[in-house]
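Have a look at coords_6.txt; it's compact mmCIF, C-alpha atoms:
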# COMPACT_ATOMS: atom_id res chain seq x y z
CA VAL A 1 -9.79 53.64 -11.43
CA VAL A 2 -12.58 54.22 -8.93
CA ASP A 3 -13.36 51.39 -6.49
CA ARG A 4 -15.91 51.62 -3.66
CA ALA A 5 -16.18 55.39 -3.67
CA ILE A 6 -18.95 57.96 -3.71
CA LEU A 7 -18.20 61.02 -5.82
CA ASP A 8 -20.50 64.00 -5.47
CA LYS A 9 -21.48 66.15 -8.44
CA GLU A 10 -19.02 68.18 -10.51
CA VAL A 11 -15.98 66.14 -9.39
CA VAL A 12 -13.09 66.08 -11.86
CA VAL A 13 -10.82 63.04 -11.61
CA GLY A 14 -7.30 63.66 -12.94
CA LYS A 15 -5.46 61.31 -15.26
CA ASN A 16 -4.21 58.04 -13.75
CA CYS A 17 -5.99 58.60 -10.40
CA GLN A 18 -6.73 55.59 -8.22
CA ILE A 19 -9.64 56.08 -5.83
CA GLY A 20 -10.22 53.31 -3.26
CA TYR A 21 -6.65 52.13 -3.64
CA GLY A 22 -5.24 49.08 -1.85
CA ASP A 23 -6.48 46.64 0.77
CA ASP A 24 -5.81 48.73 3.90
CA MET A 25 -9.17 49.09 5.70
CA THR A 26 -8.02 51.51 8.42
CA PRO A 27 -11.13 53.39 9.66
CA ASN A 28 -11.26 57.11 9.06
CA LYS A 29 -9.40 58.91 11.84
CA LEU A 30 -12.00 61.67 12.23
CA GLU A 31 -15.15 59.56 11.69
CA PRO A 32 -14.27 55.94 12.55
CA THR A 33 -17.86 54.91 13.29
CA ARG A 34 -19.10 56.14 9.91
CA LEU A 35 -16.23 55.45 7.53
CA ASN A 36 -15.00 51.95 8.28
CA SER A 37 -16.33 49.72 5.50
CA GLY A 38 -13.92 50.72 2.73
CA ILE A 39 -16.02 53.47 1.12
CA THR A 40 -14.23 56.70 0.21
CA LEU A 41 -16.20 59.97 -0.04
CA ILE A 42 -15.35 62.86 -2.37
CA GLY A 43 -17.25 66.14 -2.02
CA LYS A 44 -18.76 68.53 -4.54
CA ARG A 45 -16.66 70.38 -7.10
CA VAL A 46 -13.38 68.69 -6.14
CA HIS A 47 -10.68 68.62 -8.81
CA LEU A 48 -8.37 65.69 -8.08
CA PRO A 49 -4.80 66.08 -9.39
CA ASP A 50 -3.27 63.69 -11.91
CA ASN A 51 -1.69 60.51 -10.48
CA LEU A 52 -3.37 60.82 -7.07
CA LYS A 53 -3.79 57.62 -5.05
CA VAL A 54 -6.58 57.71 -2.47
CA GLY A 55 -6.93 54.82 -0.04
CA ARG A 56 -10.07 53.45 1.57
CA ASN A 57 -12.26 55.10 4.22
CA CYS A 58 -11.00 58.52 3.14
CA LYS A 59 -12.99 61.73 3.14
CA ILE A 60 -12.21 64.57 0.75
CA GLY A 61 -14.09 67.82 1.41
CA THR A 62 -15.70 70.16 -1.10
CA ASP A 63 -14.26 72.70 -3.54
CA LEU A 64 -10.68 71.42 -3.37
CA ARG A 65 -8.24 72.01 -6.24
CA PRO A 66 -5.08 70.09 -7.23
CA GLU A 67 -2.88 72.54 -5.31
CA ASP A 68 -4.77 71.69 -2.10
CA PHE A 69 -3.34 68.15 -2.07
CA PRO A 70 0.06 68.13 -0.31
CA SER A 71 1.22 64.84 -1.85
CA ASP A 72 0.23 62.33 -4.50
CA THR A 73 -1.07 59.82 -1.92
CA LEU A 74 -3.87 60.04 0.63
CA THR A 75 -3.53 56.94 2.80
CA SER A 76 -6.49 54.93 4.06
CA GLY A 77 -8.39 56.57 6.91
CA GLU A 78 -7.23 60.12 6.13
CA THR A 79 -9.33 63.26 5.62
CA ILE A 80 -8.47 66.35 3.63
CA GLU A 81 -10.67 69.42 3.95
CA ASP A 82 -10.13 73.13 3.65
CA ARG A 83 -12.49 74.79 6.06
CA THR A 84 -10.94 78.23 5.70
CA TYR A 85 -14.07 79.36 3.89
CA VAL A 86 -17.46 77.85 4.48
CA HIS A 87 -18.81 78.54 1.00
CA GLY A 88 -17.10 77.77 -2.28
CA TRP A 89 -17.79 81.24 -3.68
CA GLU A 90 -15.97 82.83 -0.71
CA ARG A 91 -12.97 80.62 -1.33
CA GLU A 92 -12.94 81.45 -5.04
CA LEU A 93 -13.18 85.16 -4.26
CA ALA A 94 -10.23 84.89 -1.85
CA ARG A 95 -8.18 83.15 -4.55
CA ARG A 96 -8.93 85.89 -7.06
CA ILE A 97 -8.03 88.63 -4.59
CA SER A 98 -4.76 86.94 -3.60
CA THR A 99 -3.65 86.66 -7.25
CA THR A 100 -4.56 90.24 -8.15
CA PRO A 101 -1.46 92.49 -8.35

Please, can you express the file's structure as structure tokens?
Amino acid sequence: VVDRAILDKEVVVGKNCQIGYGDDMTPNKLEPTRLNSGITLIGKRVHLPDNLKVGRNCKIGTDLRPEDFPSDTLTSGETIEDRTYVHGWERELARRISTTP
């Protein structure tokens, strides 16, 4: 279920995900003047894990994978971003190197 959310291109929504979940309208903690109307933003190439619940006014960065989500709930007003690598290709390269024996 996706309610009041903007999903960028190449986003994969896992099974039984709920985006824009609940009635809590807490403004986003990092961008309260921009994300305060209930819209949730999901960046490019994000792969949301199965059974994830995302509240309102949330911001999910780009190039995130299921293992990047610490729990199955992202409460209203929260942000999750991995800024370790600026570009997605750098992040993917780092993953490949770290899994190489």

Problem - From A:Leu7, A:Gly20, A:Arg45, A:Thr26, residue lying nearest Thr62 in chain A [only C-alpha atoms] - result: A:Arg45

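The two atoms in question, CA of Val54 in chain A and CA of Asp72 in chain A, are spaced 8.5 Å apart.
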
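Restricting the calculation to all atoms listed in the file, the smallest distance between Ile39 in chain A and any of A:Asp23, A:Asp3, A:Glu81, A:Gln18 is found for A:Asp3.
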
Problem - Polymer residues at most 10 Å from Leu35 in chain A, all atoms listed in the file, same-chain spacing of 2 or more positions, as an MDAnalysis selection string - result: chainID A and resid 25:33 37:41 56:59 77

Restrict the selected residues to C-alpha atoms and save them as a tab-separated table (two decimals), in the coordinates of the input.
chain	number	residue	atom	x	y	z
A	25	MET	CA	-9.17	49.09	5.70
A	26	THR	CA	-8.02	51.51	8.42
A	27	PRO	CA	-11.13	53.39	9.66
A	28	ASN	CA	-11.26	57.11	9.06
A	29	LYS	CA	-9.40	58.91	11.84
A	30	LEU	CA	-12.00	61.67	12.23
A	31	GLU	CA	-15.15	59.56	11.69
A	32	PRO	CA	-14.27	55.94	12.55
A	33	THR	CA	-17.86	54.91	13.29
A	37	SER	CA	-16.33	49.72	5.50
A	38	GLY	CA	-13.92	50.72	2.73
A	39	ILE	CA	-16.02	53.47	1.12
A	40	THR	CA	-14.23	56.70	0.21
A	41	LEU	CA	-16.20	59.97	-0.04
A	56	ARG	CA	-10.07	53.45	1.57
A	57	ASN	CA	-12.26	55.10	4.22
A	58	CYS	CA	-11.00	58.52	3.14
A	59	LYS	CA	-12.99	61.73	3.14
A	77	GLY	CA	-8.39	56.57	6.91

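Using all atoms listed in the file, the shortest contact distance between Lys44 in chain A and any of A:Gly22, A:Ile80, A:Val2, A:Val11 is found at A:Val11.
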
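Between CA of Lys9 in chain A and CA of Asn51 in chain A there is a distance of 20.7 Å.
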
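Here CA of Asn16 in chain A and CA of Glu78 in chain A stand 20.2 Å from one another.
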
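Minimum distance to Ser76 in chain A across A:His47, A:Arg34, A:Lys53, A:Lys15 (counting all atoms listed in the file) occurs at A:Lys53.
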
Fill in the blank from the handout: Judged by only C-alpha atoms, the minimum distance to Val46 in chain A among A:Asp82, A:Asp24, A:Thr73, A:Gly61 is found for A:Gly61

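Comparing the minimum interatomic distances between Leu64 in chain A and each of A:Val1, A:Cys17, A:Asp50, A:Val12, counting all atoms listed in the file, we find that A:Val12 sits nearest.
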
Report the centre and edge lengths, in Å to one decimal, of an axis-aligned box enclosing every atom of range 76-80 of chain A listed in the file, padded by 6 Å on each side, as lines of an AutoDock Vina configuration file.
center_x = -7.9
center_y = 60.6
center_z = 5.3
size_x = 14.8
size_y = 23.4
size_z = 15.3
